[in-house]
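Peer 1: One file is attached below, final24.tsv, containing TSV, C-alpha atoms.
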```tsv
chain	number	residue	atom	x	y	z
F	29	MET	CA	0.12	65.54	-0.24
F	30	LYS	CA	3.76	64.42	0.28
F	31	LYS	CA	3.07	63.86	3.99
F	32	ILE	CA	0.01	61.74	3.21
F	33	THR	CA	1.96	59.69	0.66
F	34	ALA	CA	4.81	59.14	3.13
F	35	PHE	CA	2.32	58.08	5.79
F	36	MET	CA	0.69	55.59	3.44
F	37	ILE	CA	4.05	54.09	2.47
F	38	ALA	CA	5.00	53.71	6.12
F	39	ALA	CA	1.65	52.10	6.91
F	40	VAL	CA	2.06	49.60	4.09
F	41	PHE	CA	5.60	48.78	5.26
F	42	ILE	CA	4.45	48.19	8.86
F	43	LEU	CA	1.52	46.07	7.74
F	44	GLY	CA	3.80	44.02	5.50
F	45	SER	CA	6.21	43.46	8.38
F	46	ILE	CA	3.40	42.28	10.65
F	47	ILE	CA	2.22	39.81	8.00
F	48	ALA	CA	5.75	38.53	7.39
F	49	LEU	CA	6.27	37.90	11.11
F	50	ALA	CA	2.95	36.11	11.56
F	51	GLY	CA	4.72	32.76	11.69
F	52	CYS	CA	3.85	29.33	10.28
F	53	GLY	CA	0.19	29.59	11.15
F	54	LYS	CA	-0.58	32.00	8.35
F	55	VAL	CA	-2.37	30.70	5.29
F	56	MET	CA	-0.90	32.46	2.29
F	57	ASP	CA	0.32	31.63	-1.18
F	58	GLU	CA	4.13	31.83	-1.27
F	59	LYS	CA	4.45	30.80	-4.93
F	60	GLU	CA	5.58	34.28	-5.96
F	61	ILE	CA	8.06	34.81	-3.13
F	62	THR	CA	10.83	37.25	-4.06
F	63	VAL	CA	14.42	37.43	-2.89
F	64	THR	CA	13.78	40.65	-0.98
F	65	THR	CA	11.03	39.13	1.17
F	66	ALA	CA	12.34	35.60	1.59
F	67	ASN	CA	13.60	36.14	5.14
F	68	GLN	CA	12.00	38.51	7.62
F	69	GLY	CA	13.45	37.02	10.82
F	70	GLU	CA	12.33	33.41	10.42
F	71	ASN	CA	14.90	30.78	11.46
F	72	VAL	CA	13.42	27.93	9.46
F	73	HIS	CA	11.80	27.82	6.04
F	74	VAL	CA	9.36	24.96	5.29
F	75	PHE	CA	8.63	24.01	1.69
F	76	TYR	CA	5.53	21.91	0.97
F	77	TYR	CA	5.10	20.19	-2.36
F	78	THR	CA	1.52	21.52	-2.52
F	79	TYR	CA	-1.11	22.91	-0.19
F	80	ASP	CA	-3.73	21.25	-2.40
F	81	ASP	CA	-3.58	17.94	-0.51
F	82	ASN	CA	-5.68	17.00	2.51
F	83	TYR	CA	-2.91	15.10	4.28
F	84	ILE	CA	-0.46	17.96	3.72
F	85	SER	CA	-3.01	20.33	5.27
F	86	SER	CA	-3.16	18.12	8.37
F	87	LEU	CA	0.61	17.80	8.52
F	88	LYS	CA	1.11	21.55	8.11
F	89	THR	CA	-1.29	22.23	10.98
F	90	GLU	CA	0.62	19.82	13.23
F	91	LEU	CA	4.04	21.14	12.20
F	92	ASP	CA	2.98	24.76	12.71
F	93	LYS	CA	1.88	23.85	16.24
F	94	ALA	CA	4.98	21.80	17.04
F	95	PHE	CA	7.32	24.56	15.84
F	96	LYS	CA	5.39	27.18	17.80
F	97	ASP	CA	5.52	25.08	20.98
F	98	ALA	CA	9.28	24.65	20.47
F	99	GLY	CA	9.81	28.38	19.99
F	100	ILE	CA	10.90	27.97	16.37
F	101	ASN	CA	9.99	30.79	13.99
F	102	CYS	CA	9.32	29.64	10.47
F	103	ARG	CA	7.83	30.50	7.13
F	104	SER	CA	5.85	28.12	4.92
F	105	TYR	CA	5.77	27.91	1.13
F	106	ASP	CA	3.39	26.26	-1.34
F	107	GLY	CA	5.32	24.60	-4.16
F	108	GLY	CA	2.15	24.18	-6.19
F	109	ALA	CA	3.30	20.69	-7.25
F	110	ASP	CA	5.92	22.33	-9.46
F	111	GLN	CA	9.59	21.56	-8.84
F	112	ALA	CA	10.92	24.67	-10.58
F	113	THR	CA	8.73	26.84	-8.35
F	114	GLN	CA	9.89	25.06	-5.21
F	115	THR	CA	13.57	25.17	-6.19
F	116	ASN	CA	13.35	28.93	-6.78
F	117	GLN	CA	11.65	29.38	-3.40
F	118	ILE	CA	14.45	27.47	-1.69
F	119	LYS	CA	17.14	29.38	-3.58
F	120	ALA	CA	15.65	32.71	-2.44
F	121	ALA	CA	15.39	31.59	1.18
F	122	VAL	CA	18.96	30.25	1.28
F	123	GLU	CA	20.38	33.41	-0.31
F	124	ASN	CA	18.60	35.50	2.30
F	125	GLY	CA	20.00	33.75	5.34
F	126	ALA	CA	17.76	30.79	6.21
F	127	LYS	CA	19.15	28.92	9.22
F	128	ALA	CA	17.62	25.61	8.11
F	129	ILE	CA	15.34	24.37	5.35
F	130	VAL	CA	12.65	21.69	5.70
F	131	VAL	CA	11.52	20.26	2.36
F	132	ASP	CA	8.58	18.16	1.18
F	133	ILE	CA	10.07	17.74	-2.27
F	134	VAL	CA	7.94	17.87	-5.40
F	135	ASP	CA	9.92	15.66	-7.79
F	136	THR	CA	10.60	12.17	-6.47
F	137	ALA	CA	11.10	10.50	-9.85
F	138	SER	CA	14.88	11.09	-9.74
F	139	ASP	CA	17.57	12.43	-7.41
F	140	LYS	CA	18.32	15.54	-9.45
F	141	ALA	CA	16.04	18.02	-7.68
F	142	ALA	CA	16.96	16.70	-4.24
F	143	ASN	CA	20.68	16.84	-5.05
F	144	ASP	CA	20.33	20.42	-6.29
F	145	ILE	CA	18.66	21.37	-2.99
F	146	VAL	CA	21.32	19.61	-0.93
F	147	THR	CA	24.04	21.40	-2.89
F	148	MET	CA	22.45	24.77	-2.11
F	149	ALA	CA	22.19	23.89	1.58
F	150	LYS	CA	25.74	22.52	1.75
F	151	ASN	CA	27.22	25.58	0.06
F	152	ALA	CA	25.41	27.77	2.62
F	153	GLY	CA	26.44	25.51	5.51
F	154	ILE	CA	22.83	25.00	6.66
F	155	PRO	CA	20.94	21.78	7.45
F	156	VAL	CA	18.27	20.39	5.13
F	157	ILE	CA	15.54	18.10	6.42
F	158	PHE	CA	13.41	16.31	3.85
F	159	PHE	CA	10.03	14.97	4.91
F	160	ASN	CA	6.93	13.11	3.70
F	161	ARG	CA	7.93	12.53	0.06
F	162	GLU	CA	10.99	10.35	0.24
F	163	VAL	CA	14.43	11.08	-1.18
F	164	SER	CA	17.00	8.34	-1.77
F	165	ASP	CA	19.60	7.13	0.71
F	166	ASN	CA	22.32	8.51	-1.57
F	167	VAL	CA	20.87	12.00	-1.29
F	168	VAL	CA	20.78	11.85	2.50
F	169	ARG	CA	24.29	10.38	2.75
F	170	SER	CA	25.71	13.11	0.51
F	171	TYR	CA	25.63	15.69	3.33
F	172	ASN	CA	26.15	15.20	7.06
F	173	LYS	CA	23.55	17.87	7.81
F	174	CYS	CA	20.83	16.13	5.80
F	175	ALA	CA	18.00	13.90	7.09
F	176	PHE	CA	14.60	12.54	6.14
F	177	VAL	CA	11.44	12.07	8.24
F	178	GLY	CA	8.51	10.06	6.93
F	179	THR	CA	6.55	6.86	7.12
F	180	ASP	CA	7.83	3.46	6.13
F	181	SER	CA	7.11	3.59	2.40
F	182	GLU	CA	6.40	-0.12	2.25
F	183	GLY	CA	4.51	-0.18	5.54
F	184	ALA	CA	1.35	1.55	4.30
F	185	GLY	CA	1.04	-0.95	1.45
F	186	HIS	CA	1.44	-3.92	3.77
F	187	ILE	CA	-1.13	-2.57	6.22
F	188	GLN	CA	-3.60	-1.81	3.46
F	189	GLY	CA	-3.14	-5.29	1.97
F	190	GLN	CA	-3.81	-6.89	5.33
F	191	MET	CA	-6.95	-4.79	5.81
F	192	ILE	CA	-8.27	-5.67	2.36
F	193	GLY	CA	-7.62	-9.40	2.66
F	194	GLU	CA	-9.19	-9.71	6.08
F	195	TYR	CA	-12.13	-7.49	5.14
F	196	LEU	CA	-12.98	-9.53	2.05
F	197	LEU	CA	-12.79	-12.83	3.92
F	198	GLY	CA	-15.23	-11.44	6.46
F	199	ASN	CA	-18.08	-11.73	3.93
F	200	TYR	CA	-16.56	-12.92	0.67
F	201	ASP	CA	-19.76	-14.11	-1.01
F	202	ALA	CA	-21.44	-10.73	-0.48
F	203	TYR	CA	-18.55	-8.88	-2.17
F	204	ASP	CA	-18.35	-11.33	-5.08
F	205	LEU	CA	-21.31	-9.68	-6.81
F	206	ASN	CA	-21.26	-11.73	-10.03
F	207	LYS	CA	-20.49	-14.97	-8.18
F	208	ASP	CA	-17.50	-15.86	-10.36
F	209	GLY	CA	-15.34	-16.81	-7.38
F	210	LYS	CA	-13.01	-13.81	-7.57
F	211	ILE	CA	-13.00	-10.12	-6.66
F	212	SER	CA	-12.63	-7.56	-9.47
F	213	TYR	CA	-10.78	-4.38	-8.45
F	214	ILE	CA	-9.56	-0.96	-9.55
F	215	MET	CA	-6.20	0.34	-8.34
F	216	LEU	CA	-5.87	4.14	-8.32
F	217	LYS	CA	-2.13	4.67	-8.06
F	218	GLY	CA	-1.95	8.46	-8.14
F	219	GLU	CA	1.50	9.67	-9.07
F	220	ASP	CA	3.72	7.49	-11.23
F	221	GLY	CA	7.35	7.17	-10.14
F	222	ASN	CA	6.67	8.12	-6.51
F	223	MET	CA	8.01	5.37	-4.24
F	224	GLU	CA	5.13	5.60	-1.77
F	225	ALA	CA	2.73	5.04	-4.67
F	226	VAL	CA	4.87	2.20	-6.03
F	227	TYR	CA	5.00	0.31	-2.73
F	228	ARG	CA	1.33	0.88	-1.89
F	229	THR	CA	0.33	-0.38	-5.32
F	230	LYS	CA	2.54	-3.44	-5.02
F	231	TYR	CA	1.99	-4.60	-1.45
F	232	SER	CA	-1.69	-3.79	-1.02
F	233	VAL	CA	-2.51	-6.29	-3.77
F	234	GLU	CA	0.24	-8.83	-3.01
F	235	ASP	CA	-0.56	-9.03	0.70
F	236	ALA	CA	-4.31	-9.21	0.11
F	237	ASP	CA	-3.71	-12.00	-2.41
F	238	GLY	CA	-1.63	-13.86	0.15
F	239	ILE	CA	-4.41	-13.74	2.73
F	240	LEU	CA	-7.00	-14.82	0.15
F	241	ALA	CA	-4.80	-17.67	-1.10
F	242	ALA	CA	-4.31	-18.98	2.44
F	243	ALA	CA	-8.10	-19.21	2.73
F	244	GLY	CA	-8.43	-21.00	-0.61
F	245	LYS	CA	-9.72	-17.96	-2.50
F	246	ALA	CA	-8.67	-16.66	-5.93
F	247	ALA	CA	-6.31	-13.73	-6.31
F	248	LEU	CA	-7.74	-10.26	-6.93
F	249	SER	CA	-8.56	-9.62	-10.58
F	250	PHE	CA	-7.90	-6.21	-12.17
F	251	PHE	CA	-11.09	-5.01	-13.85
F	252	ASP	CA	-9.46	-4.25	-17.23
F	253	PRO	CA	-7.69	-7.29	-18.72
F	254	ASN	CA	-6.06	-5.06	-21.36
F	255	ASN	CA	-4.24	-3.00	-18.74
F	256	LYS	CA	-1.02	-4.89	-18.09
F	257	ASP	CA	0.14	-2.37	-15.45
F	258	LYS	CA	-2.92	-3.15	-13.32
F	259	TYR	CA	-3.21	0.40	-12.05
F	260	LEU	CA	-4.47	3.83	-13.16
F	261	VAL	CA	-2.31	6.95	-12.85
F	262	ASP	CA	-3.54	10.50	-12.32
F	263	LYS	CA	-3.11	12.12	-15.73
F	264	GLU	CA	-1.74	15.30	-14.13
F	265	GLY	CA	0.71	13.43	-11.93
F	266	LYS	CA	-1.25	14.17	-8.75
F	267	TRP	CA	-3.33	12.20	-6.26
F	268	SER	CA	-6.59	14.01	-6.93
F	269	SER	CA	-10.20	13.18	-6.14
F	270	GLY	CA	-11.23	14.59	-9.51
F	271	SER	CA	-9.08	12.16	-11.45
F	272	ALA	CA	-10.29	9.24	-9.33
F	273	LYS	CA	-13.93	10.18	-9.88
F	274	GLU	CA	-13.34	10.43	-13.62
F	275	TYR	CA	-11.72	6.99	-13.77
F	276	VAL	CA	-14.37	5.24	-11.69
F	277	THR	CA	-17.25	6.95	-13.51
F	278	ALA	CA	-15.86	5.78	-16.84
F	279	ALA	CA	-15.21	2.25	-15.55
F	280	LEU	CA	-18.75	1.85	-14.23
F	281	LYS	CA	-20.16	2.45	-17.70
F	282	THR	CA	-18.67	-0.84	-18.89
F	283	ASN	CA	-18.19	-2.72	-15.61
F	284	ASN	CA	-21.49	-2.93	-13.78
F	285	GLU	CA	-24.02	-5.35	-12.37
F	286	THR	CA	-26.13	-5.28	-15.53
F	287	SER	CA	-23.14	-6.54	-17.51
F	288	LYS	CA	-22.34	-8.98	-14.69
F	289	ASN	CA	-18.78	-7.69	-14.42
F	290	MET	CA	-19.23	-5.09	-11.67
F	291	ILE	CA	-16.15	-3.67	-9.99
F	292	GLU	CA	-16.15	-5.20	-6.52
F	293	LEU	CA	-13.25	-3.40	-4.80
F	294	ILE	CA	-11.51	-0.03	-5.14
F	295	ILE	CA	-7.98	0.47	-3.80
F	296	CYS	CA	-6.70	4.05	-3.57
F	297	ASN	CA	-3.21	5.18	-2.66
F	298	ASN	CA	-4.56	8.16	-0.75
F	299	ASP	CA	-7.84	9.31	0.77
F	300	ALA	CA	-8.43	12.11	-1.72
F	301	MET	CA	-8.73	9.54	-4.49
F	302	ALA	CA	-10.96	7.42	-2.26
F	303	GLU	CA	-13.28	10.43	-1.90
F	304	GLY	CA	-13.47	10.82	-5.68
F	305	ALA	CA	-14.15	7.12	-6.15
F	306	ILE	CA	-16.96	7.26	-3.60
F	307	GLU	CA	-18.50	10.28	-5.33
F	308	ALA	CA	-18.62	8.27	-8.56
F	309	LEU	CA	-20.14	5.30	-6.74
F	310	ASN	CA	-22.73	7.55	-5.08
F	311	GLU	CA	-23.83	8.88	-8.47
F	312	ALA	CA	-24.30	5.27	-9.61
F	313	GLY	CA	-26.36	4.48	-6.51
F	314	TYR	CA	-23.66	2.74	-4.46
F	315	ASN	CA	-22.05	3.56	-1.10
F	316	THR	CA	-24.74	6.02	-0.07
F	317	GLY	CA	-24.66	4.93	3.56
F	318	LYS	CA	-28.41	4.38	3.50
F	319	THR	CA	-30.02	1.16	4.65
F	320	GLY	CA	-30.20	-1.30	1.77
F	321	SER	CA	-27.63	0.56	-0.35
F	322	ARG	CA	-25.15	-1.69	-2.14
F	323	THR	CA	-21.63	-0.93	-0.96
F	324	ILE	CA	-18.37	-1.50	-2.84
F	325	PRO	CA	-15.37	-1.65	-0.44
F	326	VAL	CA	-13.13	1.40	-0.89
F	327	PHE	CA	-9.75	1.66	0.85
F	328	GLY	CA	-7.41	4.64	1.10
F	329	VAL	CA	-4.32	5.97	2.87
F	330	ASP	CA	-3.89	9.01	5.15
F	331	ALA	CA	-6.83	8.90	7.61
F	332	THR	CA	-7.90	12.43	6.72
F	333	ASP	CA	-10.89	13.94	8.51
F	334	ASN	CA	-13.02	13.47	5.39
F	335	ALA	CA	-12.06	9.79	5.20
F	336	LYS	CA	-12.93	9.28	8.86
F	337	THR	CA	-16.34	10.81	8.21
F	338	LEU	CA	-16.90	8.52	5.21
F	339	ILE	CA	-15.88	5.46	7.24
F	340	THR	CA	-18.22	6.41	10.08
F	341	ALA	CA	-21.04	6.90	7.56
F	342	GLY	CA	-20.47	3.41	6.14
F	343	LYS	CA	-19.38	4.74	2.75
F	344	MET	CA	-15.72	3.73	2.98
F	345	ALA	CA	-14.24	0.49	4.31
F	346	GLY	CA	-10.92	1.65	5.75
F	347	THR	CA	-7.74	3.68	5.49
F	348	VAL	CA	-4.14	3.63	6.64
F	349	LYS	CA	-3.41	6.19	9.32
F	350	GLN	CA	-0.29	8.25	8.71
F	351	ASP	CA	0.71	9.91	11.96
F	352	ALA	CA	0.86	13.62	11.09
F	353	GLU	CA	1.38	14.61	14.73
F	354	GLY	CA	4.20	12.09	15.22
F	355	THR	CA	5.84	13.18	11.97
F	356	ALA	CA	5.66	16.84	13.00
F	357	LYS	CA	7.23	16.11	16.38
F	358	ALA	CA	10.12	14.20	14.79
F	359	ILE	CA	10.76	17.02	12.28
F	360	THR	CA	10.71	19.51	15.14
F	361	HIS	CA	13.15	17.46	17.19
F	362	ILE	CA	15.84	17.30	14.53
F	363	THR	CA	15.17	20.89	13.48
F	364	LYS	CA	15.95	21.97	17.05
F	365	ASN	CA	19.15	19.96	16.82
F	366	ALA	CA	19.93	21.65	13.51
F	367	LEU	CA	19.61	25.10	15.08
F	368	ASP	CA	21.82	24.17	18.06
F	369	SER	CA	25.52	24.37	17.18
F	370	THR	CA	26.37	22.06	20.11
F	371	LYS	CA	24.30	19.17	18.76
F	372	ASP	CA	24.50	16.74	15.87
F	373	LEU	CA	21.45	16.48	13.62
F	374	MET	CA	20.41	13.04	14.93
F	375	ASP	CA	21.15	13.57	18.64
F	376	ASP	CA	18.63	12.03	21.06
F	377	THR	CA	16.63	10.23	18.38
F	378	GLY	CA	17.01	6.79	19.95
F	379	SER	CA	13.28	6.52	20.61
F	380	TYR	CA	12.55	6.63	16.87
F	381	LYS	CA	12.86	3.88	14.29
F	382	ILE	CA	15.88	4.86	12.20
F	383	ASP	CA	17.16	3.21	9.02
F	384	ASN	CA	20.53	1.53	9.26
F	385	ALA	CA	23.50	3.78	8.41
F	386	VAL	CA	21.38	6.65	7.06
F	387	ASN	CA	19.65	9.61	8.69
F	388	LYS	CA	16.07	8.49	8.02
F	389	ILE	CA	13.44	8.49	10.75
F	390	ARG	CA	10.41	6.25	10.16
F	391	ILE	CA	7.03	7.04	11.69
F	392	ALA	CA	4.76	4.00	12.07
F	393	CYS	CA	1.43	3.67	10.24
F	394	ASP	CA	-1.71	2.02	11.59
F	395	LYS	CA	-5.04	0.83	10.22
F	396	LEU	CA	-8.37	2.56	10.63
F	397	MET	CA	-11.45	0.50	9.83
F	398	GLY	CA	-15.20	0.94	10.11
F	399	LYS	CA	-17.24	-1.13	12.50
```
Give the structure from the file, written as structure tokens.

Peer 2:
Amino acid sequence: MKKITAFMIAAVFILGSIIALAGCGKVMDEKEITVTTANQGENVHVFYYTYDDNYISSLKTELDKAFKDAGINCRSYDGGADQATQTNQIKAAVENGAKAIVVDIVDTASDKAANDIVTMAKNAGIPVIFFNREVSDNVVRSYNKCAFVGTDSEGAGHIQGQMIGEYLLGNYDAYDLNKDGKISYIMLKGEDGNMEAVYRTKYSVEDADGILAAAGKAALSFFDPNNKDKYLVDKEGKWSSGSAKEYVTAALKTNNETSKNMIELIICNNDAMAEGAIEALNEAGYNTGKTGSRTIPVFGVDATDNAKTLITAGKMAGTVKQDAEGTAKAITHITKNALDSTKDLMDDTGSYKIDNAVNKIRIACDKLMGK
């Protein structure tokens, strides 16, 4: 019996080691990572704010591939959209000898969480590379082995605003369903306090209004005159399709063609919310993709596979493409620098757009429209 028990323990240990060394490609929930298993030979530890996000899934796939191609061993963690969880994951990895940490931070509302992470990295003498969800310039400047890789936060909003303005002018009378000379819209902001959400909310409307004004058209009109913010925030602080569907479903009960105040445009700060909005529209008989179906223009950000399918099907007007592959390659480049004691963190990054006097690499966005 003792021999059998010993054999079973050894088998479990070997199996656990194989799983731990499987690399970034594994799909597993790291929320309950413990100090004793935080480092099983991986050089780099990658912390995602949540796996429950379509764009993050695409980015993780690209980063796994880029790291593998570069010969970088890594381990990925799901923060579950909870900063305390992510901070504990990072603490365990640093204490167990991580060579570098790559962080898609959960809390972007203030610098506290980012500063805490930088302090841990600095005390351990290891580089920290933030990505996707932006940290402030002050955070990056606080440590010479700190950098950020992401899109131009303002850029996605500007591109979306241009798409919306030009799209509406293409057939303005058809989109003005109640013929009042203006377009009524919903803005699904997603997460409050997140700078990407702030800029997308601001510039998508401002830039669309500018294009409309130049053509002699009225500015966009938020569907709810009692909402002075002119946007709707996910009640759970996320960017979820479920929240978007709930908002649009509720809005359509009071704002519809029968009441002659139908919502005529839906702006979403990511594609997941666009999917939810389209589900609500489908249930009300809109945006079905079928011949003769009335279609309300819906715009998103991310260019996820689901969004591309919806655009091709004629259910969604357009989205802003965030370059997951380009982002992954940039992260990989400076991670390689971070692991090479002969290089500075930002060596050989001249081909990238870099912010002045701060280690921030910007990956360009682009527009993706239906035919």

Peer 1: Hey, can you pull every residue with an atom no more than 9 Å from (-3.2, 0.6, -13.2), using all atoms listed in the file, and send it as an mmCIF file with C-alpha atoms, in the coordinates of the input?

Peer 2:
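Contents of part-v1.cif, freshly written:
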```cif
data_model
loop_
_atom_site.group_PDB
_atom_site.id
_atom_site.type_symbol
_atom_site.label_atom_id
_atom_site.label_comp_id
_atom_site.auth_asym_id
_atom_site.auth_seq_id
_atom_site.Cartn_x
_atom_site.Cartn_y
_atom_site.Cartn_z
ATOM 1 C CA ILE F 214 -9.560 -0.960 -9.550
ATOM 2 C CA MET F 215 -6.200 0.340 -8.340
ATOM 3 C CA LEU F 216 -5.870 4.140 -8.320
ATOM 4 C CA LYS F 217 -2.130 4.670 -8.060
ATOM 5 C CA THR F 229 0.330 -0.380 -5.320
ATOM 6 C CA PHE F 250 -7.900 -6.210 -12.170
ATOM 7 C CA ASP F 252 -9.460 -4.250 -17.230
ATOM 8 C CA ASN F 255 -4.240 -3.000 -18.740
ATOM 9 C CA LYS F 256 -1.020 -4.890 -18.090
ATOM 10 C CA ASP F 257 0.140 -2.370 -15.450
ATOM 11 C CA LYS F 258 -2.920 -3.150 -13.320
ATOM 12 C CA TYR F 259 -3.210 0.400 -12.050
ATOM 13 C CA LEU F 260 -4.470 3.830 -13.160
ATOM 14 C CA VAL F 261 -2.310 6.950 -12.850
#
```

Peer 1: Considering all atoms listed in the file, return as a list in words whatever protein or nucleic-acid residues lie within 7 Å of Ile157 (chain F), sequence-local ones (same chain, fewer than 4 positions apart) excluded.

Peer 2: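 Counting all atoms listed in the file, the residues come to Ile129, Val130, Val131, Cys174, Ala175 and Phe176 of chain F.
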
Peer 1: If you measure from CA of Lys349 (chain F) to CA of Tyr77 (chain F), what distance in Å do you get, rounded to one decimal?

Peer 2: 20.1 Å

Peer 1: Quick one: everything within 9 Å of Ala305 (chain F), counting all atoms listed in the file, minus sequence neighbours fewer than 5 positions away in the same chain. Send it as a ChimeraX atom specification.

Peer 2: /F:269-277,294,296,300,310,326

Peer 1: For Ala356 (chain F), please output as a tab-separated table (two decimals) with C-alpha atoms, in the frame of the given file all residues within 9 Å (counting all atoms listed in the file; exclusion window: fewer than 4 positions along the same chain).

Peer 2:
```
chain	number	residue	atom	x	y	z
F	87	LEU	CA	0.61	17.80	8.52
F	88	LYS	CA	1.11	21.55	8.11
F	90	GLU	CA	0.62	19.82	13.23
F	91	LEU	CA	4.04	21.14	12.20
F	92	ASP	CA	2.98	24.76	12.71
F	93	LYS	CA	1.88	23.85	16.24
F	94	ALA	CA	4.98	21.80	17.04
F	95	PHE	CA	7.32	24.56	15.84
F	177	VAL	CA	11.44	12.07	8.24
F	351	ASP	CA	0.71	9.91	11.96
F	352	ALA	CA	0.86	13.62	11.09
F	360	THR	CA	10.71	19.51	15.14
F	361	HIS	CA	13.15	17.46	17.19
```

Peer 1: How many Å lie between CA of Lys281 (chain F) and CA of Thr316 (chain F), rounded to one decimal?

Peer 2: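 One can read the CA of Lys281 (chain F) to CA of Thr316 (chain F) distance as 18.6 Å.
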
Peer 1: Counting all atoms listed in the file, which of F:Ala202, F:Ala137, F:Met397, F:Ile391 gets nearest to Thr179 (chain F)?

Peer 2: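 Between F:Ala202, F:Ala137, F:Met397, F:Ile391, the residue approaching Thr179 (chain F) most closely is F:Ile391.
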
Peer 1: Quick one: pull the distance between CA of Gln114 (chain F) and CA of Asp375 (chain F), Å, one decimal.

Peer 2: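 Between CA of Gln114 (chain F) and CA of Asp375 (chain F) the gap is 28.8 Å.
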
Peer 1: Tell me, as a list in words, which residues lie within 8 Å of Leu367 (chain F), counting all atoms listed in the file; anything in the same chain fewer than 4 positions away does not count.

Peer 2: Lys127, Ala128 and Thr363 of chain F

Peer 1: Grab all the atoms of region 220-228 of chain F that the file lists, wrap them in a box along x, y and z, add 3 Å per side, and give me centre plus edge lengths in Å (one decimal) as lines of an AutoDock Vina configuration file.

Peer 2:
```
center_x = 4.7
center_y = 4.2
center_z = -6.5
size_x = 12.7
size_y = 13.8
size_z = 15.5
```

Peer 1: Can you work out which one of F:Gly320, F:Gly342, F:Gly99, F:Gly189 has the shortest atom-to-atom distance to Tyr227 (chain F), counting only C-alpha atoms?

Peer 2: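 Smallest separation from Tyr227 (chain F) among the options: F:Gly189.
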
Peer 1: Please identify all polymer residues within 10 Å of Ile239 (chain F), counting only C-alpha atoms, omitting same-chain residues fewer than 3 positions from it, and present them as a VMD selection string.

Peer 2: chain F and resid 189 to 194 196 to 197 234 to 236 242 to 245 247

Peer 1: (-3.6, 22.1, -2.7) in this file's frame - what residues fall within 10 Å of it? Use all atoms listed in the file and give the answer as a list in words.

Peer 2: Tyr76, Tyr77, Thr78, Tyr79, Asp80, Asp81, Asn82, Tyr83, Ile84, Ser85, Asp106, Gly107, Gly108, Ala109 and Ser268 of chain F
